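Please read the structure below before turning to the comments.
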Amino acid sequence: MIEVYVKKKLQAFLLNVNFSEKGIIAITGKNGSGKSTLLNVIAGILKPDEGYIRLNDIDITNLPINKRNVILVTPDSYIPTLDLKKHLTWGAKLRGRKVNDKEVMEVAKLLGVPNENKKVGNLSLGNREKVSLATAILTKPNLILVDEGFSNISEKEYFINIYTDLCKKNQIDLIYVTQDTEDAKFSDHHYVMNNGSLHKVF
Ligand SMILES: Nc1ncnc2c1ncn2[C@@H]1O[C@H](COP(=O)(O)OP(=O)(O)OP(=O)(O)O)[C@@H](O)[C@H]1O
């Protein structure tokens, strides 16, 4: 369960949101409407001017980024020089979660992460996105935030369905931001961001 009531001013732009949901949440909206700003505030990269963020009843507003149990995935949140298997185990270990090889293989197979020992930077764009998203799942945070992280994946529908199922099975809330309104159909709740404010569609 994620509860957000925040205000954040960036020059002429004002983010002003208030929502409370659990499960799979899609946020769509035009360029510059404030989607990334909201994810950055929830992840702790930007500090709100006012308000709070609660995750599973815990106030995380003032916790440092690595203590929130939240992972933000952007199209470039991977380490290009790491080999694939190390990447999948590294992300989790860094956050204090030991994953065994069996678990890594299972998640990688389910998500169609390529089974070759290349450096992540040498994979295709879509496969790099899969590696970032798989690493996030293996860490088992309370919340995953995905900022346009599905855009280059081929068979996107198939992938998002499996990814959202995996989140649910692991009791991970997921907020994904996309400019493609069609992508919202995979969510339990859909919001549109318009000029810093959220409007609920379903
Ligand atoms: N560091 C910053 N300083 C000042 N203004 C900023 C900063 N970051 C973002 N903004 C402004 O905040 C507004 C929201 O931007 P944001 O990137 O959150 O939108 P978005 O919906 O994610 O758009 P996009 O899809 O292009 O990423 C924009 O007007 C942007 O110019």
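Identifiers for the structure tokens are assigned positionally: chains receive A, B, ... in sequence, residues are indexed from 1 per chain, and ligands are indexed from 1 in the order shown.
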Per-residue DSSP, range 35-195 of chain A, filtered to strand (DSSP E), as a list in words: Glu50, Gly51, Tyr52, Ile53, Arg54, Leu55, Ile58, Asp59, Val70, Ile71, Leu72, Val73, Leu143, Ile144, Leu145, Val146, Asp147, Asp173, Leu174, Ile175, Tyr176, Val177, Thr178, His189, His190, Tyr191, Val192, Met193 and Asn194 of chain A
Restrict the selected residues to C-alpha atoms and save them as a tab-separated table (two decimals), in the first residue's frame.
chain	number	residue	atom	x	y	z
A	50	GLU	CA	5.42	19.47	1.85
A	51	GLY	CA	3.61	16.22	2.65
A	52	TYR	CA	4.42	12.56	3.25
A	53	ILE	CA	4.97	9.20	1.59
A	54	ARG	CA	3.91	6.04	3.41
A	55	LEU	CA	4.70	2.55	2.27
A	58	ILE	CA	5.66	3.13	7.31
A	59	ASP	CA	6.51	6.80	6.80
A	70	VAL	CA	11.78	1.13	-3.13
A	71	ILE	CA	13.54	0.55	-6.46
A	72	LEU	CA	13.36	2.98	-9.35
A	73	VAL	CA	13.93	1.48	-12.79
A	143	LEU	CA	7.64	-1.02	-4.28
A	144	ILE	CA	9.05	-0.92	-7.80
A	145	LEU	CA	8.82	2.30	-9.81
A	146	VAL	CA	9.26	1.94	-13.57
A	147	ASP	CA	9.89	5.11	-15.57
A	173	ASP	CA	3.44	-2.82	-5.41
A	174	LEU	CA	4.32	-1.49	-8.87
A	175	ILE	CA	3.94	2.01	-10.29
A	176	TYR	CA	4.78	2.30	-13.96
A	177	VAL	CA	4.91	5.48	-15.96
A	178	THR	CA	4.34	5.44	-19.68
A	189	HIS	CA	-5.45	1.41	-11.22
A	190	HIS	CA	-4.85	3.99	-13.92
A	191	TYR	CA	-4.07	7.66	-13.29
A	192	VAL	CA	-3.40	10.43	-15.79
A	193	MET	CA	-0.88	13.11	-14.84
A	194	ASN	CA	-1.77	16.56	-16.08
Contacts between ligand 1 and chain A, please, where a residue of chain A counts if it comes within 6 Å (with only C-alpha atoms and all ligand atoms); show its shortest atom pair and distance in Å to one decimal, rows by chain and ascending number, as a tab-separated table.
residue	atom	partner	partner_atom_place_in_ligand_line	distance
A:Leu10	CA	ligand 1	4 (C)	4.5
A:Gln11	CA	ligand 1	4 (C)	5.4
A:Phe13	CA	ligand 1	12 (O)	5.3
A:Lys30	CA	ligand 1	21 (O)	5.8
A:Asn31	CA	ligand 1	26 (O)	3.7
A:Gly32	CA	ligand 1	19 (O)	3.3
A:Ser33	CA	ligand 1	21 (O)	3.8
A:Gly34	CA	ligand 1	18 (O)	3.2
A:Lys35	CA	ligand 1	21 (O)	3.8
A:Ser36	CA	ligand 1	22 (O)	3.5
A:Thr37	CA	ligand 1	18 (O)	3.6
Helix (DSSP H, G or I) positions in range 4-193 of chain A, given as a ChimeraX atom specification: /A:35-43,65-67,84-94,101-110,120-122,125-139,156-169,181-186
Would you put the residues from that selection into a file with C-alpha atoms, as a short mmCIF file (atom, residue, chain, number, x, y, z; two decimals), in the first residue's frame?
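For reference, part.cif as written:
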data_model
loop_
_atom_site.label_atom_id
_atom_site.label_comp_id
_atom_site.auth_asym_id
_atom_site.auth_seq_id
_atom_site.Cartn_x
_atom_site.Cartn_y
_atom_site.Cartn_z
CA LYS A 35 5.45 11.77 -14.05
CA SER A 36 9.22 11.43 -13.56
CA THR A 37 9.21 14.12 -10.88
CA LEU A 38 6.63 12.13 -8.91
CA LEU A 39 8.66 8.90 -9.17
CA ASN A 40 11.81 10.76 -8.11
CA VAL A 41 10.01 12.12 -5.05
CA ILE A 42 8.73 8.65 -4.08
CA ALA A 43 12.19 7.14 -4.61
CA ILE A 65 17.12 6.32 -0.87
CA ASN A 66 18.60 2.94 0.07
CA LYS A 67 16.46 2.50 3.20
CA LEU A 84 24.55 -10.69 -16.89
CA LYS A 85 24.49 -13.23 -14.08
CA LYS A 86 26.51 -10.98 -11.78
CA HIS A 87 24.11 -8.15 -12.54
CA LEU A 88 21.11 -10.14 -11.40
CA THR A 89 22.69 -11.24 -8.12
CA TRP A 90 24.54 -7.95 -7.49
CA GLY A 91 21.48 -5.72 -7.33
CA ALA A 92 19.89 -7.85 -4.65
CA LYS A 93 23.08 -8.36 -2.65
CA LEU A 94 23.80 -4.66 -2.57
CA ASP A 101 21.32 -19.30 -8.45
CA LYS A 102 18.05 -21.23 -8.73
CA GLU A 103 15.98 -18.13 -8.00
CA VAL A 104 18.04 -16.02 -10.44
CA MET A 105 17.61 -18.63 -13.19
CA GLU A 106 13.87 -18.92 -12.56
CA VAL A 107 13.22 -15.19 -12.77
CA ALA A 108 15.55 -14.79 -15.77
CA LYS A 109 13.78 -17.61 -17.61
CA LEU A 110 10.29 -16.33 -16.81
CA VAL A 120 24.96 -6.11 -20.00
CA GLY A 121 26.12 -3.09 -22.03
CA ASN A 122 26.46 -5.34 -25.09
CA LEU A 125 18.09 -2.05 -25.60
CA GLY A 126 15.08 -4.27 -24.86
CA ASN A 127 17.23 -6.90 -23.16
CA ARG A 128 18.93 -4.25 -21.04
CA GLU A 129 15.50 -3.13 -19.89
CA LYS A 130 14.67 -6.74 -19.02
CA VAL A 131 17.88 -7.04 -16.96
CA SER A 132 17.08 -3.85 -14.98
CA LEU A 133 13.52 -5.03 -14.35
CA ALA A 134 14.60 -8.57 -13.39
CA THR A 135 17.23 -7.18 -11.00
CA ALA A 136 14.55 -5.07 -9.33
CA ILE A 137 12.24 -8.09 -8.82
CA LEU A 138 15.06 -10.21 -7.38
CA THR A 139 15.70 -7.55 -4.74
CA LYS A 156 5.76 -6.01 -24.58
CA GLU A 157 2.24 -7.23 -23.71
CA TYR A 158 3.44 -10.72 -22.89
CA PHE A 159 6.31 -9.30 -20.82
CA ILE A 160 4.23 -6.82 -18.81
CA ASN A 161 1.68 -9.52 -17.99
CA ILE A 162 4.38 -11.77 -16.57
CA TYR A 163 6.08 -8.89 -14.78
CA THR A 164 2.89 -7.71 -13.07
CA ASP A 165 2.09 -11.32 -12.06
CA LEU A 166 5.55 -11.67 -10.53
CA CYS A 167 5.07 -8.43 -8.58
CA LYS A 168 1.74 -9.67 -7.23
CA LYS A 169 3.13 -13.08 -6.25
CA THR A 181 -2.02 5.05 -22.83
CA GLU A 182 -2.56 1.49 -24.15
CA ASP A 183 -0.07 0.19 -21.55
CA ALA A 184 -2.46 1.16 -18.75
CA LYS A 185 -4.62 -1.89 -19.48
CA PHE A 186 -2.22 -4.09 -17.50
#
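Distances from A:Lys22, A:Ala12, A:Glu3, A:Ile27 to Val201 in chain A were compared using only C-alpha atoms, and the smallest one belongs to A:Ile27.
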Interatomic distance, CA of Asn142 in chain A to CA of Asp49 in chain A (Å, one decimal):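 Between these atoms lies a distance of 24.0 Å.
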Distance criterion (only C-alpha atoms): nearest to Pro80 in chain A out of A:Arg68, A:Lys47, A:Lys118, A:Arg95: A:Lys118
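Restricting the calculation to only C-alpha atoms, the smallest distance between Gly29 in chain A and any of A:Ser197, A:Ser187, A:Gln179, A:Asn62 is found for A:Gln179.
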Atomic separation - CA of Arg97 in chain A relative to CA of Ile25 in chain A, Å: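 These atoms are spaced 25.1 Å apart.
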Can you list, as a compact mmCIF listing (two decimals) with N, CA and C atoms, in the first residue's frame, every protein, DNA or RNA residue that comes within 6 Å of Lys8 in chain A when you count only C-alpha atoms, leaving out same-chain residues fewer than 2 positions away?
# COMPACT_ATOMS: atom_id res chain seq x y z
N LEU A 14 4.50 22.90 -10.59
CA LEU A 14 4.10 22.45 -9.26
C LEU A 14 3.55 21.04 -9.31
N LEU A 15 4.21 20.13 -8.62
CA LEU A 15 3.68 18.77 -8.45
C LEU A 15 2.80 18.81 -7.21
N PRO A 48 10.25 16.31 -1.15
CA PRO A 48 9.04 17.13 -1.31
C PRO A 48 9.13 18.40 -0.46
N ASP A 49 8.47 19.46 -0.88
CA ASP A 49 8.43 20.68 -0.07
C ASP A 49 7.48 20.49 1.10
